[in-house]
file work.cif (mmCIF, C-alpha atoms)
data_query
loop_
_atom_site.label_atom_id
_atom_site.label_comp_id
_atom_site.auth_asym_id
_atom_site.auth_seq_id
_atom_site.Cartn_x
_atom_site.Cartn_y
_atom_site.Cartn_z
CA MET A 36 0.00 0.00 0.00
CA LYS A 37 1.17 3.54 -0.76
CA ARG A 38 0.40 7.06 0.43
CA ILE A 39 0.36 9.67 -2.31
CA ASP A 40 0.86 13.30 -1.29
CA LEU A 41 0.04 15.91 -3.91
CA ILE A 42 0.92 19.58 -3.49
CA ILE A 43 -1.11 21.53 -6.02
CA PRO A 44 -2.60 24.98 -6.65
CA HIS A 45 -5.97 25.20 -4.89
CA GLU A 46 -7.73 25.88 -8.20
CA ARG A 47 -6.88 22.34 -9.36
CA LEU A 48 -8.45 20.58 -6.33
CA GLN A 49 -11.74 19.74 -8.05
CA GLU A 50 -9.97 18.23 -11.06
CA VAL A 51 -7.82 16.01 -8.84
CA ASN A 52 -10.86 15.00 -6.76
CA GLU A 53 -12.70 13.89 -9.92
CA LEU A 54 -9.63 12.01 -11.09
CA LEU A 55 -9.40 10.16 -7.74
CA HIS A 56 -13.12 9.27 -7.97
CA LYS A 57 -12.44 7.86 -11.46
CA HIS A 58 -9.75 5.60 -9.96
CA GLU A 59 -12.12 4.56 -7.13
CA VAL A 60 -9.95 6.00 -4.37
CA GLY A 61 -12.08 5.69 -1.23
CA GLY A 62 -10.92 8.64 0.86
CA MET A 63 -8.99 11.85 0.53
CA SER A 64 -7.67 14.39 3.01
CA PHE A 65 -6.68 17.88 1.97
CA TYR A 66 -5.64 21.07 3.65
CA ASP A 67 -4.18 24.47 2.83
CA ILE A 68 -0.44 24.86 3.27
CA LYS A 69 2.08 27.68 2.97
CA GLY A 70 5.66 27.39 1.85
CA ARG A 71 8.21 28.25 -0.75
CA GLY A 72 9.65 26.40 -3.70
CA LYS A 73 10.99 26.96 -7.20
CA ALA A 74 7.95 28.85 -8.46
CA LYS A 75 8.63 32.35 -9.75
CA ARG A 76 7.48 34.98 -7.27
CA GLU A 77 5.49 37.89 -8.68
CA PRO A 78 5.32 41.39 -7.11
CA VAL A 79 2.08 42.15 -5.25
CA ALA A 80 0.49 45.60 -4.87
CA VAL A 81 0.04 46.77 -1.26
CA GLY A 82 -2.28 49.41 0.13
CA ARG A 83 -3.60 51.60 -2.65
CA GLY A 84 -1.28 50.05 -5.20
CA VAL A 85 1.50 52.54 -4.54
CA MET A 86 3.85 50.05 -2.90
CA ARG A 87 4.83 46.60 -4.20
CA TYR A 88 6.57 43.69 -2.54
CA ILE A 89 7.54 40.14 -3.47
CA PRO A 90 6.01 37.59 -1.06
CA GLU A 91 8.42 34.99 0.32
CA PHE A 92 5.80 32.25 0.72
CA GLY A 93 3.05 30.88 -1.49
CA PHE A 94 -0.24 29.09 -0.80
CA ARG A 95 -1.01 25.58 -2.04
CA THR A 96 -3.29 22.65 -1.21
CA LYS A 97 -1.90 19.34 0.01
CA ILE A 98 -3.86 16.16 -0.75
CA GLU A 99 -3.17 12.83 0.98
CA VAL A 100 -4.61 9.51 -0.24
CA LEU A 101 -3.94 5.85 0.45
CA VAL A 102 -4.05 3.49 -2.52
CA SER A 103 -3.09 -0.07 -3.34
CA ASP A 104 0.28 -0.57 -5.00
CA SER A 105 -1.38 -1.52 -8.30
CA LYS A 106 -3.12 1.87 -8.66
CA VAL A 107 -0.19 4.20 -7.97
CA LYS A 108 1.33 4.36 -11.44
CA GLU A 109 -1.93 5.03 -13.29
CA ILE A 110 -3.03 7.68 -10.76
CA VAL A 111 0.30 9.50 -11.01
CA GLU A 112 0.23 9.36 -14.82
CA ASP A 113 -3.33 10.73 -14.86
CA VAL A 114 -2.45 13.57 -12.46
CA LEU A 115 0.57 14.53 -14.58
CA LYS A 116 -1.50 14.42 -17.77
CA THR A 117 -4.44 16.35 -16.26
CA ILE A 118 -2.93 19.24 -14.30
CA SER A 119 0.57 19.73 -15.69
CA THR A 120 1.14 22.98 -17.58
CA GLY A 121 4.93 22.72 -17.66
CA SER A 122 5.40 25.34 -14.96
CA ALA A 123 7.40 24.92 -11.74
CA SER A 124 4.32 26.13 -9.86
CA ASP A 125 2.21 23.11 -10.96
CA GLY A 126 3.13 21.28 -7.74
CA LYS A 127 4.76 18.07 -6.53
CA ILE A 128 3.87 14.41 -6.00
CA PHE A 129 5.40 12.33 -3.20
CA ILE A 130 4.88 8.59 -2.74
CA TYR A 131 5.47 6.75 0.54
CA ASP A 132 5.27 3.10 1.59
CA VAL A 133 2.57 2.32 4.15
CA LEU A 134 3.42 -0.75 6.23
CA GLU A 135 0.05 -1.45 7.83
CA THR A 136 -3.46 -0.01 7.80
CA TYR A 137 -6.32 -0.68 10.25
CA ASP A 138 -9.94 0.44 10.28
CA ILE A 139 -10.81 1.13 13.90
CA GLY A 140 -14.57 0.61 13.48
CA THR A 141 -14.59 -2.61 11.43
CA LYS A 142 -11.22 -3.90 12.66
CA GLU A 143 -10.26 -4.71 9.05
CA LYS A 144 -6.64 -4.38 8.03
CA GLY A 145 -4.62 -3.94 4.86
CA ASP A 146 -6.34 -2.98 1.59
CA ALA A 147 -9.75 -3.81 3.07
CA ALA A 148 -9.27 -1.08 5.69
CA VAL A 149 -8.84 1.59 3.03
#
call {"tool": "encode", "arguments": {"input": "work.cif", "output": "structure tokens"}}
result
Amino acid sequence: MKRIDLIIPHERLQEVNELLHKHEVGGMSFYDIKGRGKAKREPVAVGRGVMRYIPEFGFRTKIEVLVSDSKVKEIVEDVLKTISTGSASDGKIFIYDVLETYDIGTKEKGDAAV
């Protein structure tokens, strides 16, 4: 089993959600994050537009999903095909091994718990 973390622009959240539904991913967690990366930083107008500054940190959405090993490659390929524009600000995908999974309510484990 794998955990896929996607860091994407918030505007792309609905597209990724639909893509995960298409791949029958059961659950998804997401939250807003702040940070910095390779994306080009643009000046922002402050006050009445007289002053400008370049923000150090940007805002993104982080999505976390658990999937079986057999689904990882096709999900990643679909995400890359769907939301990639070729820009450094498109986001990142991280994949982690998950050793064990348990459903507290049903007491199932492994893929059945997801």
call {"tool": "residues_around", "arguments": {"input": "work.cif", "residues": "A:Phe129", "least_positions_apart": "6", "cutoff": "9 Å", "atoms": "all atoms listed in the file", "output": "ChimeraX atom specification"}}
result
/A:38-42
call {"tool": "axis_aligned_box", "arguments": {"input": "work.cif", "around": "stretch 116-134 of chain A", "padding_each_side": "8 Å", "output": "AutoDock Vina command-line options"}}
result
--center_x 1.5 --center_y 12.7 --center_z -5.8 --size_x 27.8 --size_y 42.9 --size_z 40.0
call {"tool": "resolve_selection", "arguments": {"input": "work.cif", "expression": "the PyMOL selection byres ((chain A and resi 47) around 10)", "output": "VMD selection string"}}
result
chain A and resid 43 to 46 48 to 52 95 to 96 117 to 118 125
call {"tool": "resolve_selection", "arguments": {"input": "work.cif", "expression": "the PyMOL selection byres ((chain A and resi 78-93) around 12)", "output": "short mmCIF file (atom, residue, chain, number, x, y, z; two decimals) with C-alpha atoms, in the frame of the given file"}}
result
data_model
loop_
_atom_site.label_atom_id
_atom_site.label_comp_id
_atom_site.auth_asym_id
_atom_site.auth_seq_id
_atom_site.Cartn_x
_atom_site.Cartn_y
_atom_site.Cartn_z
CA ILE A 42 0.92 19.58 -3.49
CA ILE A 43 -1.11 21.53 -6.02
CA PRO A 44 -2.60 24.98 -6.65
CA HIS A 45 -5.97 25.20 -4.89
CA ASP A 67 -4.18 24.47 2.83
CA ILE A 68 -0.44 24.86 3.27
CA LYS A 69 2.08 27.68 2.97
CA GLY A 70 5.66 27.39 1.85
CA ARG A 71 8.21 28.25 -0.75
CA GLY A 72 9.65 26.40 -3.70
CA LYS A 73 10.99 26.96 -7.20
CA ALA A 74 7.95 28.85 -8.46
CA LYS A 75 8.63 32.35 -9.75
CA ARG A 76 7.48 34.98 -7.27
CA GLU A 77 5.49 37.89 -8.68
CA PHE A 94 -0.24 29.09 -0.80
CA ARG A 95 -1.01 25.58 -2.04
CA THR A 96 -3.29 22.65 -1.21
CA SER A 124 4.32 26.13 -9.86
CA GLY A 126 3.13 21.28 -7.74
#
call {"tool": "closest_residue", "arguments": {"input": "work.cif", "among": "A:Thr141, A:Lys116, A:Val100, A:Lys127", "to": "A:Gly61", "atoms": "only C-alpha atoms"}}
result
A:Val100
call {"tool": "residues_around", "arguments": {"input": "work.cif", "residues": "A:Lys37", "least_positions_apart": "6", "cutoff": "8 Å", "atoms": "only C-alpha atoms", "output": "list of chain:residue names"}}
result
A:Leu101, A:Val102, A:Ser103, A:Asp104, A:Val107, A:Ile130, A:Tyr131, A:Asp132, A:Val133
call {"tool": "atom_distance", "arguments": {"input": "work.cif", "atom1": "atom CA of A:Met36", "atom2": "atom CA of A:Leu134"}}
result
7.1 Å
call {"tool": "atom_distance", "arguments": {"input": "work.cif", "atom1": "atom CA of A:Leu115", "atom2": "atom CA of A:Ile128"}}
result
9.2 Å
